[in-house]
$ cat my_file.pdb   # PDB, C-alpha atoms, pLDDT in the B column
ATOM      1  CA  ALA Y 958      21.494   6.307  -2.532  1.00 74.00           C
ATOM      2  CA  GLN Y 959      21.745   2.760  -3.757  1.00 90.00           C
ATOM      3  CA  ILE Y 960      18.551   0.796  -4.348  1.00 90.00           C
ATOM      4  CA  GLN Y 961      18.433  -2.263  -2.135  1.00 93.00           C
ATOM      5  CA  ARG Y 962      16.964  -5.667  -2.980  1.00 94.00           C
ATOM      6  CA  LEU Y 963      15.846  -7.268   0.253  1.00 95.00           C
ATOM      7  CA  PRO Y 964      13.267  -9.960   1.012  1.00 96.00           C
ATOM      8  CA  THR Y 965      10.181  -7.985   2.054  1.00 95.00           C
ATOM      9  CA  HIS Y 966       6.906  -9.263   3.491  1.00 95.00           C
ATOM     10  CA  LEU Y 967       4.242  -7.496   1.425  1.00 92.00           C
ATOM     11  CA  ARG Y 968       1.338  -7.946   3.828  1.00 94.00           C
ATOM     12  CA  THR Y 969       3.397  -6.522   6.698  1.00 96.00           C
ATOM     13  CA  LEU Y 970       4.367  -3.489   4.608  1.00 95.00           C
ATOM     14  CA  PHE Y 971       0.749  -2.828   3.588  1.00 96.00           C
ATOM     15  CA  HIS Y 972      -0.411  -3.313   7.181  1.00 96.00           C
ATOM     16  CA  GLN Y 973       2.137  -0.731   8.372  1.00 96.00           C
ATOM     17  CA  THR Y 974       0.912   1.677   5.695  1.00 97.00           C
ATOM     18  CA  TYR Y 975      -2.688   1.148   6.773  1.00 97.00           C
ATOM     19  CA  LEU Y 976      -1.788   1.784  10.423  1.00 97.00           C
ATOM     20  CA  ALA Y 977       0.036   5.004   9.505  1.00 97.00           C
ATOM     21  CA  LEU Y 978      -2.806   6.420   7.381  1.00 97.00           C
ATOM     22  CA  HIS Y 979      -5.947   5.063   9.028  1.00 97.00           C
ATOM     23  CA  ALA Y 980      -6.110   7.760  11.738  1.00 97.00           C
ATOM     24  CA  PRO Y 981      -5.630  10.734   9.364  1.00 97.00           C
ATOM     25  CA  ALA Y 982      -8.348   9.298   7.096  1.00 97.00           C
ATOM     26  CA  GLU Y 983     -10.688   8.737  10.029  1.00 97.00           C
ATOM     27  CA  ARG Y 984     -10.158  12.316  11.277  1.00 97.00           C
ATOM     28  CA  LYS Y 985     -11.467  13.511   7.892  1.00 96.00           C
ATOM     29  CA  GLY Y 986     -14.459  11.180   8.122  1.00 97.00           C
ATOM     30  CA  LEU Y 987     -13.051   8.877   5.427  1.00 97.00           C
ATOM     31  CA  ARG Y 988     -13.003   5.104   5.426  1.00 97.00           C
ATOM     32  CA  LEU Y 989      -9.695   3.530   4.378  1.00 97.00           C
ATOM     33  CA  GLU Y 990     -10.002   0.002   3.028  1.00 96.00           C
ATOM     34  CA  PHE Y 991      -7.210  -2.319   1.889  1.00 96.00           C
ATOM     35  CA  ASN Y 992      -8.021  -5.384  -0.243  1.00 96.00           C
ATOM     36  CA  LEU Y 993      -5.027  -7.698  -0.643  1.00 95.00           C
ATOM     37  CA  ALA Y 994      -5.473 -10.587  -3.076  1.00 94.00           C
ATOM     38  CA  ASP Y 995      -5.000 -14.051  -1.616  1.00 93.00           C
ATOM     39  CA  ASP Y 996      -2.485 -15.003  -4.311  1.00 89.00           C
ATOM     40  CA  LEU Y 997      -0.028 -12.167  -3.562  1.00 89.00           C
ATOM     41  CA  PRO Y 998       3.467 -13.493  -2.985  1.00 88.00           C
ATOM     42  CA  ALA Y 999       4.249 -13.531   0.737  1.00 89.00           C
ATOM     43  CA  VAL Y1000       7.758 -12.196   0.187  1.00 91.00           C
ATOM     44  CA  VAL Y1001       9.207 -10.145  -2.692  1.00 89.00           C
ATOM     45  CA  GLU Y1002      12.662  -8.763  -3.300  1.00 92.00           C
ATOM     46  CA  THR Y1003      12.442  -4.988  -3.246  1.00 93.00           C
ATOM     47  CA  ASP Y1004      13.743  -1.911  -1.505  1.00 96.00           C
ATOM     48  CA  PRO Y1005      11.349  -1.863   1.470  1.00 95.00           C
ATOM     49  CA  ALA Y1006      12.125   1.714   2.480  1.00 95.00           C
ATOM     50  CA  ARG Y1007      11.443   3.046  -1.006  1.00 96.00           C
ATOM     51  CA  LEU Y1008       8.321   0.957  -1.463  1.00 95.00           C
ATOM     52  CA  LYS Y1009       7.018   2.155   1.898  1.00 96.00           C
ATOM     53  CA  GLN Y1010       7.748   5.755   0.873  1.00 96.00           C
ATOM     54  CA  ILE Y1011       5.849   5.278  -2.414  1.00 96.00           C
ATOM     55  CA  LEU Y1012       2.863   3.686  -0.663  1.00 96.00           C
ATOM     56  CA  ASN Y1013       2.717   6.430   1.968  1.00 97.00           C
ATOM     57  CA  SER Y1014       2.951   9.100  -0.727  1.00 97.00           C
ATOM     58  CA  VAL Y1015       0.309   7.680  -3.095  1.00 96.00           C
ATOM     59  CA  ILE Y1016      -2.178   6.618  -0.426  1.00 97.00           C
ATOM     60  CA  GLY Y1017      -1.402   9.687   1.694  1.00 97.00           C
ATOM     61  CA  ASN Y1018      -2.273  11.898  -1.278  1.00 97.00           C
ATOM     62  CA  ALA Y1019      -5.539   9.995  -1.675  1.00 97.00           C
ATOM     63  CA  VAL Y1020      -6.342  10.770   1.965  1.00 97.00           C
ATOM     64  CA  LYS Y1021      -5.285  14.394   1.546  1.00 97.00           C
ATOM     65  CA  PHE Y1022      -7.326  15.074  -1.594  1.00 97.00           C
ATOM     66  CA  THR Y1023     -10.432  12.964  -0.907  1.00 97.00           C
ATOM     67  CA  MET Y1024     -13.151  15.029   0.722  1.00 96.00           C
ATOM     68  CA  THR Y1025     -15.850  12.447   1.446  1.00 96.00           C
ATOM     69  CA  GLY Y1026     -16.502   8.729   1.253  1.00 96.00           C
ATOM     70  CA  LYS Y1027     -13.849   6.081   1.222  1.00 97.00           C
ATOM     71  CA  ILE Y1028     -10.488   5.209  -0.243  1.00 97.00           C
ATOM     72  CA  ILE Y1029     -10.059   1.675  -1.515  1.00 97.00           C
ATOM     73  CA  VAL Y1030      -6.596   0.213  -2.043  1.00 96.00           C
ATOM     74  CA  ASP Y1031      -6.657  -2.949  -4.186  1.00 95.00           C
ATOM     75  CA  VAL Y1032      -3.473  -4.986  -4.457  1.00 94.00           C
ATOM     76  CA  LYS Y1033      -3.432  -7.879  -6.916  1.00 93.00           C
ATOM     77  CA  LYS Y1034      -0.863 -10.232  -8.366  1.00 88.00           C
ATOM     78  CA  GLU Y1035      -0.051  -9.326 -11.930  1.00 86.00           C
ATOM     79  CA  GLY Y1036       1.788 -11.517 -14.396  1.00 81.00           C
ATOM     80  CA  ALA Y1037       4.387 -14.103 -13.549  1.00 78.00           C
ATOM     81  CA  GLY Y1038       6.791 -13.906 -10.655  1.00 72.00           C
ATOM     82  CA  SER Y1039       6.526 -11.350  -7.890  1.00 68.00           C
ATOM     83  CA  PHE Y1040       4.814  -8.549  -9.809  1.00 80.00           C
ATOM     84  CA  PHE Y1041       1.775  -6.899  -8.278  1.00 84.00           C
ATOM     85  CA  ALA Y1042      -0.546  -4.040  -9.178  1.00 90.00           C
ATOM     86  CA  LEU Y1043      -1.702  -1.335  -6.811  1.00 87.00           C
ATOM     87  CA  HIS Y1044      -4.977   0.485  -7.518  1.00 91.00           C
ATOM     88  CA  VAL Y1045      -6.175   3.349  -5.333  1.00 92.00           C
ATOM     89  CA  TRP Y1046      -9.813   4.383  -5.806  1.00 85.00           C
TER      90      TRP Y1046
END
$ encode --input "my_file.pdb" --output "structure tokens"
Amino acid sequence: AQIQRLPTHLRTLFHQTYLALHAPAERKGLRLEFNLADDLPAVVETDPARLKQILNSVIGNAVKFTMTGKIIVDVKKEGAGSFFALHVW
């Protein structure tokens, strides 16, 4: 399939990811925490479906393989333009 480049609201996408994975984390007794930097671009051009799939996979695996404690997702602006870094602890 072709990769799309569509204007995508980052905070909305991360919020949707949190909503999808919060309950499974809570059922395991885990705390899921998202920290989004204030200087993140509001909108980026990306393939929202693929980015959502990547986020659900990476953070979902963190939920799946973490036995106790919490999972922290840090999202920070990196470099010039619309680049951002995702760190899952």
$ resolve_selection --input "my_file.pdb" --expression "the PyMOL selection byres ((chain Y and resi 1011-1016) around 10)" --output "MDAnalysis selection string"
chainID Y and resid 970:971 973:975 977:978 989 1005:1010 1017:1022 1028:1030 1043:1046
$ write_last_selection --input "my_file.pdb" --atoms "C-alpha atoms" --output "short mmCIF file (atom, residue, chain, number, x, y, z; two decimals), in the frame of the given file"
data_model
loop_
_atom_site.label_atom_id
_atom_site.label_comp_id
_atom_site.auth_asym_id
_atom_site.auth_seq_id
_atom_site.Cartn_x
_atom_site.Cartn_y
_atom_site.Cartn_z
CA LEU Y 970 4.37 -3.49 4.61
CA PHE Y 971 0.75 -2.83 3.59
CA GLN Y 973 2.14 -0.73 8.37
CA THR Y 974 0.91 1.68 5.70
CA TYR Y 975 -2.69 1.15 6.77
CA ALA Y 977 0.04 5.00 9.51
CA LEU Y 978 -2.81 6.42 7.38
CA LEU Y 989 -9.70 3.53 4.38
CA PRO Y 1005 11.35 -1.86 1.47
CA ALA Y 1006 12.12 1.71 2.48
CA ARG Y 1007 11.44 3.05 -1.01
CA LEU Y 1008 8.32 0.96 -1.46
CA LYS Y 1009 7.02 2.15 1.90
CA GLN Y 1010 7.75 5.76 0.87
CA GLY Y 1017 -1.40 9.69 1.69
CA ASN Y 1018 -2.27 11.90 -1.28
CA ALA Y 1019 -5.54 9.99 -1.68
CA VAL Y 1020 -6.34 10.77 1.96
CA LYS Y 1021 -5.28 14.39 1.55
CA PHE Y 1022 -7.33 15.07 -1.59
CA ILE Y 1028 -10.49 5.21 -0.24
CA ILE Y 1029 -10.06 1.68 -1.52
CA VAL Y 1030 -6.60 0.21 -2.04
CA LEU Y 1043 -1.70 -1.34 -6.81
CA HIS Y 1044 -4.98 0.48 -7.52
CA VAL Y 1045 -6.18 3.35 -5.33
CA TRP Y 1046 -9.81 4.38 -5.81
#
$ axis_aligned_box --input "my_file.pdb" --around "stretch 983-999 of chain Y" --padding-each-side "3 Å" --output "AutoDock Vina command-line options"
--center_x -5.1 --center_y -0.7 --center_z 3.5 --size_x 24.7 --size_y 34.5 --size_z 21.6
$ atom_distance --input "my_file.pdb" --atom1 "atom CA of Y:Val1032" --atom2 "atom CA of Y:Gln959"
26.4 Å
$ residues_around --input "my_file.pdb" --residues "stretch 997-1004 of chain Y" --least-positions-apart "6" --cutoff "9 Å" --atoms "only C-alpha atoms" --output "number ranges by chain"
Y: 960-968, 1032-1035, 1038-1041
$ resolve_selection --input "my_file.pdb" --expression "the PyMOL selection byres ((chain Y and resi 993) around 7)" --output "PyMOL selection string"
chain Y and resi 991-992+994-995+1031-1033
$ atom_distance --input "my_file.pdb" --atom1 "atom CA of Y:Met1024" --atom2 "atom CA of Y:Lys985"
7.5 Å
$ atom_distance --input "my_file.pdb" --atom1 "atom CA of Y:Thr1025" --atom2 "atom CA of Y:Glu983"
10.7 Å
$ resolve_selection --input "my_file.pdb" --expression "the PyMOL selection byres ((chain Y and resi 1026) around 7)" --output "PDB file with C-alpha atoms, keeping the file's coordinate frame"
ATOM      1  CA  LEU Y 987     -13.051   8.877   5.427  1.00 97.00           C
ATOM      2  CA  ARG Y 988     -13.003   5.104   5.426  1.00 97.00           C
ATOM      3  CA  THR Y1025     -15.850  12.447   1.446  1.00 96.00           C
ATOM      4  CA  LYS Y1027     -13.849   6.081   1.222  1.00 97.00           C
TER       5      LYS Y1027
END
$ build_atoms --input "my_file.pdb" --residues "stretch 1000-1011 of chain Y" --atoms "all heavy atoms" --output "PDB file, keeping the file's coordinate frame"
ATOM      1  N   VAL Y1000       6.502 -12.942   0.109  1.00 91.00           N
ATOM      2  CA  VAL Y1000       7.758 -12.196   0.187  1.00 91.00           C
ATOM      3  C   VAL Y1000       8.195 -11.837  -1.228  1.00 91.00           C
ATOM      4  O   VAL Y1000       8.118 -12.663  -2.136  1.00 91.00           O
ATOM      5  CB  VAL Y1000       8.856 -13.042   0.875  1.00 91.00           C
ATOM      6  CG1 VAL Y1000      10.186 -12.312   0.886  1.00 91.00           C
ATOM      7  CG2 VAL Y1000       8.444 -13.416   2.295  1.00 91.00           C
ATOM      8  N   VAL Y1001       8.632 -10.585  -1.416  1.00 89.00           N
ATOM      9  CA  VAL Y1001       9.207 -10.145  -2.692  1.00 89.00           C
ATOM     10  C   VAL Y1001      10.554  -9.500  -2.413  1.00 89.00           C
ATOM     11  O   VAL Y1001      10.814  -9.042  -1.303  1.00 89.00           O
ATOM     12  CB  VAL Y1001       8.296  -9.139  -3.434  1.00 89.00           C
ATOM     13  CG1 VAL Y1001       6.980  -9.786  -3.824  1.00 89.00           C
ATOM     14  CG2 VAL Y1001       8.064  -7.896  -2.621  1.00 89.00           C
ATOM     15  N   GLU Y1002      11.393  -9.477  -3.422  1.00 92.00           N
ATOM     16  CA  GLU Y1002      12.662  -8.763  -3.300  1.00 92.00           C
ATOM     17  C   GLU Y1002      12.453  -7.349  -3.805  1.00 92.00           C
ATOM     18  O   GLU Y1002      12.124  -7.136  -4.963  1.00 92.00           O
ATOM     19  CB  GLU Y1002      13.760  -9.462  -4.103  1.00 92.00           C
ATOM     20  CG  GLU Y1002      14.362 -10.618  -3.375  1.00 92.00           C
ATOM     21  CD  GLU Y1002      15.675 -11.080  -3.988  1.00 92.00           C
ATOM     22  OE1 GLU Y1002      16.356 -10.271  -4.659  1.00 92.00           O
ATOM     23  OE2 GLU Y1002      15.997 -12.248  -3.787  1.00 92.00           O
ATOM     24  N   THR Y1003      12.637  -6.394  -2.899  1.00 93.00           N
ATOM     25  CA  THR Y1003      12.442  -4.988  -3.246  1.00 93.00           C
ATOM     26  C   THR Y1003      13.210  -4.134  -2.249  1.00 93.00           C
ATOM     27  O   THR Y1003      13.799  -4.645  -1.302  1.00 93.00           O
ATOM     28  CB  THR Y1003      10.937  -4.624  -3.229  1.00 93.00           C
ATOM     29  OG1 THR Y1003      10.767  -3.309  -3.761  1.00 93.00           O
ATOM     30  CG2 THR Y1003      10.350  -4.703  -1.846  1.00 93.00           C
ATOM     31  N   ASP Y1004      13.184  -2.849  -2.469  1.00 96.00           N
ATOM     32  CA  ASP Y1004      13.743  -1.911  -1.505  1.00 96.00           C
ATOM     33  C   ASP Y1004      12.593  -1.518  -0.580  1.00 96.00           C
ATOM     34  O   ASP Y1004      11.737  -0.702  -0.957  1.00 96.00           O
ATOM     35  CB  ASP Y1004      14.309  -0.686  -2.223  1.00 96.00           C
ATOM     36  CG  ASP Y1004      15.057   0.255  -1.298  1.00 96.00           C
ATOM     37  OD1 ASP Y1004      14.602   0.422  -0.141  1.00 96.00           O
ATOM     38  OD2 ASP Y1004      16.074   0.812  -1.730  1.00 96.00           O
ATOM     39  N   PRO Y1005      12.517  -2.099   0.619  1.00 95.00           N
ATOM     40  CA  PRO Y1005      11.349  -1.863   1.470  1.00 95.00           C
ATOM     41  C   PRO Y1005      11.169  -0.401   1.870  1.00 95.00           C
ATOM     42  O   PRO Y1005      10.037   0.073   1.956  1.00 95.00           O
ATOM     43  CB  PRO Y1005      11.597  -2.753   2.686  1.00 95.00           C
ATOM     44  CG  PRO Y1005      13.047  -3.070   2.666  1.00 95.00           C
ATOM     45  CD  PRO Y1005      13.484  -2.978   1.244  1.00 95.00           C
ATOM     46  N   ALA Y1006      12.239   0.304   2.088  1.00 95.00           N
ATOM     47  CA  ALA Y1006      12.125   1.714   2.480  1.00 95.00           C
ATOM     48  C   ALA Y1006      11.528   2.543   1.346  1.00 95.00           C
ATOM     49  O   ALA Y1006      10.655   3.388   1.576  1.00 95.00           O
ATOM     50  CB  ALA Y1006      13.485   2.268   2.893  1.00 95.00           C
ATOM     51  N   ARG Y1007      11.978   2.285   0.141  1.00 96.00           N
ATOM     52  CA  ARG Y1007      11.443   3.046  -1.006  1.00 96.00           C
ATOM     53  C   ARG Y1007       9.999   2.671  -1.308  1.00 96.00           C
ATOM     54  O   ARG Y1007       9.178   3.532  -1.614  1.00 96.00           O
ATOM     55  CB  ARG Y1007      12.314   2.859  -2.234  1.00 96.00           C
ATOM     56  CG  ARG Y1007      13.636   3.574  -2.093  1.00 96.00           C
ATOM     57  CD  ARG Y1007      14.506   3.354  -3.322  1.00 96.00           C
ATOM     58  NE  ARG Y1007      15.853   3.807  -3.054  1.00 96.00           N
ATOM     59  CZ  ARG Y1007      16.427   4.818  -3.681  1.00 96.00           C
ATOM     60  NH1 ARG Y1007      15.772   5.477  -4.602  1.00 96.00           N
ATOM     61  NH2 ARG Y1007      17.645   5.171  -3.379  1.00 96.00           N
ATOM     62  N   LEU Y1008       9.695   1.377  -1.223  1.00 95.00           N
ATOM     63  CA  LEU Y1008       8.321   0.957  -1.463  1.00 95.00           C
ATOM     64  C   LEU Y1008       7.393   1.556  -0.410  1.00 95.00           C
ATOM     65  O   LEU Y1008       6.311   2.045  -0.734  1.00 95.00           O
ATOM     66  CB  LEU Y1008       8.212  -0.567  -1.480  1.00 95.00           C
ATOM     67  CG  LEU Y1008       6.815  -1.129  -1.752  1.00 95.00           C
ATOM     68  CD1 LEU Y1008       6.212  -0.570  -3.033  1.00 95.00           C
ATOM     69  CD2 LEU Y1008       6.861  -2.646  -1.791  1.00 95.00           C
ATOM     70  N   LYS Y1009       7.822   1.563   0.826  1.00 96.00           N
ATOM     71  CA  LYS Y1009       7.018   2.155   1.898  1.00 96.00           C
ATOM     72  C   LYS Y1009       6.808   3.654   1.637  1.00 96.00           C
ATOM     73  O   LYS Y1009       5.710   4.181   1.827  1.00 96.00           O
ATOM     74  CB  LYS Y1009       7.702   1.937   3.243  1.00 96.00           C
ATOM     75  CG  LYS Y1009       6.865   2.314   4.426  1.00 96.00           C
ATOM     76  CD  LYS Y1009       7.555   1.899   5.720  1.00 96.00           C
ATOM     77  CE  LYS Y1009       6.678   2.129   6.902  1.00 96.00           C
ATOM     78  NZ  LYS Y1009       7.273   1.653   8.153  1.00 96.00           N
ATOM     79  N   GLN Y1010       7.843   4.325   1.185  1.00 96.00           N
ATOM     80  CA  GLN Y1010       7.748   5.755   0.873  1.00 96.00           C
ATOM     81  C   GLN Y1010       6.739   5.993  -0.259  1.00 96.00           C
ATOM     82  O   GLN Y1010       5.918   6.917  -0.193  1.00 96.00           O
ATOM     83  CB  GLN Y1010       9.127   6.281   0.477  1.00 96.00           C
ATOM     84  CG  GLN Y1010       9.164   7.752   0.153  1.00 96.00           C
ATOM     85  CD  GLN Y1010      10.563   8.208  -0.255  1.00 96.00           C
ATOM     86  OE1 GLN Y1010      11.405   7.415  -0.657  1.00 96.00           O
ATOM     87  NE2 GLN Y1010      10.801   9.498  -0.138  1.00 96.00           N
ATOM     88  N   ILE Y1011       6.777   5.145  -1.291  1.00 96.00           N
ATOM     89  CA  ILE Y1011       5.849   5.278  -2.414  1.00 96.00           C
ATOM     90  C   ILE Y1011       4.418   5.047  -1.943  1.00 96.00           C
ATOM     91  O   ILE Y1011       3.506   5.816  -2.276  1.00 96.00           O
ATOM     92  CB  ILE Y1011       6.223   4.298  -3.551  1.00 96.00           C
ATOM     93  CG1 ILE Y1011       7.543   4.741  -4.190  1.00 96.00           C
ATOM     94  CG2 ILE Y1011       5.108   4.189  -4.585  1.00 96.00           C
ATOM     95  CD1 ILE Y1011       8.178   3.690  -5.084  1.00 96.00           C
TER      96      ILE Y1011
END
